[in-house]
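Enquirer: If it helps, the file is called input.txt and holds compact mmCIF, C-alpha atoms:
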```
# COMPACT_ATOMS: atom_id res chain seq x y z
CA MET A 1 -12.15 -16.06 -12.47
CA LEU A 2 -12.98 -15.95 -8.77
CA ARG A 3 -10.92 -19.09 -8.21
CA GLU A 4 -7.91 -17.43 -9.87
CA CYS A 5 -8.32 -14.32 -7.72
CA TYR A 6 -8.50 -16.59 -4.67
CA ILE A 7 -5.26 -18.34 -5.67
CA VAL A 8 -3.54 -14.96 -6.07
CA GLU A 9 -4.72 -13.94 -2.57
CA VAL A 10 -3.35 -17.18 -1.10
CA MET A 11 -0.01 -16.64 -2.83
CA ARG A 12 0.09 -13.01 -1.65
CA ARG A 13 0.04 -14.41 1.90
CA ARG A 14 2.94 -16.69 1.00
CA MET A 15 0.80 -19.76 1.54
CA GLN A 16 0.11 -22.78 -0.63
CA PHE A 17 -3.26 -23.01 -2.35
CA ILE A 18 -5.08 -26.14 -1.22
CA ASP A 19 -7.71 -27.15 -3.75
CA ASP A 20 -9.87 -29.17 -1.38
CA GLU A 21 -13.62 -29.75 -1.42
CA ALA A 22 -14.31 -27.01 1.15
CA THR A 23 -12.42 -24.35 -0.82
CA GLN A 24 -14.12 -25.38 -4.06
CA SER A 25 -17.53 -25.21 -2.38
CA HIS A 26 -16.90 -21.78 -0.83
CA ILE A 27 -15.67 -20.33 -4.12
CA GLU A 28 -18.61 -21.84 -6.02
CA LYS A 29 -21.17 -20.44 -3.55
CA ALA A 30 -19.56 -16.99 -3.65
CA ALA A 31 -19.54 -17.04 -7.47
CA LYS A 32 -23.24 -17.93 -7.50
CA TRP A 33 -23.91 -15.07 -5.08
CA LEU A 34 -22.03 -12.64 -7.30
CA THR A 35 -23.76 -13.71 -10.50
CA GLY A 36 -27.28 -14.42 -9.27
CA ASN A 37 -30.21 -12.48 -7.98
CA HIS A 38 -29.30 -12.69 -4.31
CA LYS A 39 -29.28 -10.56 -1.18
CA PRO A 40 -27.09 -7.42 -1.22
CA GLY A 41 -24.78 -8.79 1.45
CA LEU A 42 -22.62 -11.86 1.89
CA LEU A 43 -21.61 -13.09 5.34
CA LEU A 44 -18.66 -15.47 5.48
CA HIS A 45 -18.51 -16.94 8.96
CA GLY A 46 -17.18 -19.92 10.85
CA THR A 47 -14.05 -21.23 12.45
CA VAL A 48 -10.63 -19.55 12.23
CA GLY A 49 -8.03 -19.71 9.49
CA ASN A 50 -10.06 -21.38 6.77
CA GLY A 51 -10.28 -18.81 3.99
CA LYS A 52 -13.00 -16.30 4.86
CA THR A 53 -10.81 -13.21 4.56
CA THR A 54 -9.06 -14.66 1.53
CA LEU A 55 -12.39 -15.20 -0.23
CA ALA A 56 -13.62 -11.70 0.67
CA ARG A 57 -10.42 -10.20 -0.75
CA ALA A 58 -10.67 -12.39 -3.85
CA ILE A 59 -14.20 -11.09 -4.48
CA GLY A 60 -12.86 -7.54 -4.12
CA SER A 61 -10.03 -8.29 -6.55
CA LEU A 62 -12.41 -9.80 -9.08
CA ILE A 63 -14.68 -6.76 -8.97
CA GLY A 64 -11.62 -4.54 -9.38
CA VAL A 65 -10.59 -6.50 -12.48
CA LEU A 66 -14.07 -6.59 -13.99
CA TYR A 67 -14.70 -2.90 -13.42
CA GLU A 68 -11.22 -1.52 -14.19
CA SER A 69 -11.48 1.60 -16.28
CA PRO A 70 -9.24 4.53 -17.19
CA TYR A 71 -12.21 6.70 -16.16
CA SER A 72 -12.36 7.00 -12.39
CA ASP A 73 -16.14 7.42 -12.34
CA ARG A 74 -16.54 3.99 -13.98
CA ARG A 75 -13.99 2.14 -11.85
CA LYS A 76 -15.34 -0.06 -9.06
CA MET A 77 -13.41 -1.13 -6.00
CA VAL A 78 -14.47 -2.89 -2.83
CA LEU A 79 -13.39 -0.84 0.16
CA THR A 80 -12.11 -3.25 2.81
CA VAL A 81 -11.76 -2.43 6.49
CA SER A 82 -11.45 -4.56 9.61
CA ALA A 83 -14.19 -4.15 12.21
CA LEU A 84 -11.56 -3.15 14.77
CA GLU A 85 -10.17 -0.52 12.40
CA LEU A 86 -13.71 0.72 11.71
CA ALA A 87 -14.20 1.45 15.42
CA ASP A 88 -10.90 3.33 15.59
CA ILE A 89 -11.70 5.35 12.46
CA ALA A 90 -15.15 6.26 13.82
CA LYS A 91 -13.54 7.53 17.00
CA ASN A 92 -10.66 9.47 15.46
CA GLN A 93 -11.67 10.29 11.87
CA PRO A 94 -15.44 10.90 11.70
CA GLU A 95 -15.39 12.16 8.11
CA ARG A 96 -13.50 9.08 6.93
CA PHE A 97 -15.89 6.87 8.91
CA ASP A 98 -18.83 8.51 7.14
CA ASN A 99 -17.20 7.82 3.75
CA ILE A 100 -16.61 4.16 4.67
CA LYS A 101 -20.18 3.73 5.88
CA LYS A 102 -21.46 5.17 2.58
CA ALA A 103 -19.04 3.31 0.26
CA GLU A 104 -20.78 1.76 -2.72
CA LEU A 105 -19.02 -1.59 -2.16
CA LEU A 106 -17.81 -2.46 1.34
CA ALA A 107 -16.15 -5.45 3.01
CA ILE A 108 -15.83 -5.58 6.80
CA ASP A 109 -13.36 -8.15 8.06
CA ASP A 110 -13.30 -9.88 11.46
CA VAL A 111 -16.71 -8.73 12.65
CA GLY A 112 -17.01 -9.42 16.35
CA THR A 113 -13.49 -8.34 17.30
CA GLU A 114 -14.38 -4.66 17.63
CA PRO A 115 -15.63 -2.91 20.76
CA SER A 116 -19.42 -2.60 20.65
CA VAL A 117 -19.29 1.03 21.76
CA VAL A 118 -16.65 3.75 21.51
CA LYS A 119 -16.65 7.19 23.11
CA VAL A 120 -16.37 10.23 20.89
CA TRP A 121 -16.25 13.55 22.71
CA GLY A 122 -18.06 11.94 25.65
CA ASN A 123 -20.78 10.41 23.47
CA GLU A 124 -21.09 6.68 22.99
CA ILE A 125 -21.43 5.45 19.41
CA SER A 126 -21.63 1.96 17.92
CA PRO A 127 -19.66 2.18 14.66
CA PHE A 128 -20.37 -1.31 13.36
CA VAL A 129 -24.09 -1.21 14.21
CA ASP A 130 -24.40 2.31 12.75
CA THR A 131 -22.74 1.10 9.55
CA ILE A 132 -25.02 -1.92 9.27
CA TYR A 133 -28.17 0.14 9.88
CA TYR A 134 -27.12 2.62 7.21
CA ARG A 135 -26.31 -0.07 4.67
CA TYR A 136 -29.39 -2.16 5.54
CA ASP A 137 -31.72 0.80 4.99
CA ARG A 138 -30.23 1.28 1.52
CA GLN A 139 -29.68 -2.43 0.74
CA MET A 140 -26.05 -1.78 -0.16
CA PHE A 141 -23.43 -4.32 -1.29
CA THR A 142 -21.68 -5.49 1.87
CA ILE A 143 -19.39 -8.43 2.56
CA MET A 144 -18.59 -9.42 6.14
CA THR A 145 -16.30 -12.03 7.63
CA SER A 146 -16.57 -13.29 11.19
CA ASN A 147 -15.45 -16.14 13.40
CA LEU A 148 -18.74 -15.87 15.27
CA LYS A 149 -21.55 -18.34 14.77
CA LYS A 150 -25.06 -17.15 13.95
CA GLU A 151 -26.12 -17.36 17.62
CA GLU A 152 -22.98 -15.53 18.78
CA LEU A 153 -23.66 -12.70 16.33
CA ALA A 154 -27.16 -12.36 17.83
CA ASP A 155 -25.70 -12.36 21.35
CA LYS A 156 -23.14 -9.68 20.52
CA TYR A 157 -25.32 -7.33 18.46
CA GLY A 158 -28.84 -8.13 19.65
CA GLU A 159 -31.88 -9.60 17.97
CA ARG A 160 -32.68 -6.47 15.91
CA ILE A 161 -29.33 -6.55 14.11
CA ALA A 162 -29.34 -10.35 13.85
CA ASP A 163 -32.76 -10.15 12.20
CA ARG A 164 -31.45 -7.60 9.72
CA PHE A 165 -28.51 -9.91 8.99
CA THR A 166 -31.03 -12.57 8.00
CA GLU A 167 -32.73 -10.25 5.54
CA MET A 168 -29.61 -8.59 4.17
CA PHE A 169 -27.00 -11.36 4.00
CA ASP A 170 -26.64 -14.64 2.23
CA ARG A 171 -24.33 -16.82 4.28
CA ILE A 172 -21.47 -19.14 3.57
CA VAL A 173 -20.49 -21.16 6.63
CA PHE A 174 -16.84 -22.20 6.94
CA GLU A 175 -16.47 -25.32 9.06
CA ASN A 176 -13.30 -26.77 7.58
CA TYR A 177 -9.92 -26.90 9.33
CA SER A 178 -7.46 -24.01 9.50
CA TYR A 179 -5.03 -23.61 6.59
CA ARG A 180 -2.57 -21.74 8.78
CA LYS A 181 0.39 -23.89 9.65
```
Represent the structure from my file as structure tokens, please.

Expert:
Amino acid sequence: MLRECYIVEVMRRRMQFIDDEATQSHIEKAAKWLTGNHKPGLLLHGTVGNGKTTLARAIGSLIGVLYESPYSDRRKMVLTVSALELADIAKNQPERFDNIKKAELLAIDDVGTEPSVVKVWGNEISPFVDTIYYRYDRQMFTIMTSNLKKEELADKYGERIADRFTEMFDRIVFENYSYRK
């Protein structure tokens, strides 16, 4: 089912689905993460253009299909936001930022592209770090995509956050070529 959701995401981008070994492996690892007793977070990271965002969206679509219900309190959706957008929302819409941070199921795309700190009424806040701390403390379902390598994530966010990433996230590394042509 995850493979089919992935194909739909590829088609939505008006691209051609390439059923290569890397794609099969990424989908298989994500499916095992979803169905097994694994960490509450999944970090999809590696080089650009090779399916990280597509896989994160496919996981969100699959959860939406599996938990579709006419009763809104039983429906499950993965809230997806880019890291850059998260910083902007934290700065300009604090109530919305709080709702995103507390979402039951959250996907943060393109981690590493956002400013580390934003000013809100003269105060400096770190929206991404604040979100991760909140979700880490509660061990909440979180998917992240990033073009940064493990070491680069530690450099950008510091050892404390990098250490929490290790505890909170299973990782799928994307090292294949870009599908964007």

Enquirer: Leaving out stretch 14-21 of chain A and any residue of its chain fewer than 5 positions from it, which residues lie within 12 Å of it when counting only C-alpha atoms, given as a list in words?

Expert: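 The filter keeps Arg3, Glu4, Cys5, Tyr6, Ile7, Val8, Glu9, His26, Ile27, Glu28, Gly49, Asn50, Gly51, Thr54, Phe174, Glu175, Asn176, Tyr177, Ser178, Tyr179, Arg180 and Lys181 of chain A.
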
Enquirer: Between A:Met140, A:Val173, A:Ile161, A:Leu43, which is the closest to A:Asp109 once you count all atoms listed in the file?

Expert: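 Closest candidate: A:Leu43.
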
Enquirer: Could you jot down the atom CA of A:Asp110 to atom CA of A:Glu95 separation for me, Å, one decimal place?

Expert: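 Computed distance, atom CA of A:Asp110 to atom CA of A:Glu95, equals 22.4 Å.
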
Enquirer: List the neighbours of A:Lys119 out to 12 Å using all atoms listed in the file; skip same-chain residues closer than 2 positions along the sequence, and give me the result as a VMD selection string.

Expert: chain A and resid 87 to 92 115 to 117 121 to 127

Enquirer: Quick one, how far is atom CA of A:Leu55 from atom CA of A:Asp137?

Expert: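 We find that atom CA of A:Leu55 and atom CA of A:Asp137 lie 25.6 Å from each other.
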
Enquirer: What's around A:Gly112 at 9 Å? Count all atoms listed in the file, leave out sequence neighbours fewer than 4 positions away in its own chain, and write the answer as a ChimeraX atom specification.

Expert: /A:83-84,116,146-148,152-153,156-157

Enquirer: Could you work out how far atom CA of A:Arg135 lies from atom CA of A:Glu167, giving the answer in Å with one decimal?

Expert: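 We find that atom CA of A:Glu167 and atom CA of A:Arg135 lie 12.1 Å from each other.
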
Enquirer: Which protein, DNA or RNA residues have an atom at most 12 Å from (-16.1, 2.2, 0.9), counting all atoms listed in the file? List them as an NGL selection string.

Expert: :A and (60 or 76-82 or 86 or 96-108 or 131 or 135 or 140-143)

Enquirer: Write out as a list in words which residues come within 12 Å of A:Leu34 when counting all atoms listed in the file, dropping same-chain ones fewer than 4 positions away.

Expert: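 Non-adjacent residues within range: Met1, Leu2, Ile27, Glu28, Lys29, Ala30, His38, Lys39, Pro40, Gly41, Leu42, Ala56, Ala58, Ile59, Gly60, Leu62, Ile63, Phe141, Thr142, Ile143 and Asp170 of chain A.
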
Enquirer: With a distance cut-off of 12 Å and only C-alpha atoms, select the neighbouring residues of A:Arg160, excluding the residue or stretch itself and same-chain residues fewer than 5 positions from it, and output the selection as a list in words.

Expert: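 Surrounding residues, per the criterion: Val129, Ile132, Tyr133, Tyr136, Leu153, Ala154, Asp155, Phe165, Thr166 and Glu167 of chain A.
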
Enquirer: Select, from A:Val120, A:Val111, A:Gly46, A:Arg138, the residue with the minimum atom-to-atom distance to A:Gln93, counting all atoms listed in the file.

Expert: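 When distances to A:Gln93 are compared using all atoms listed in the file, the smallest one comes from A:Val120.
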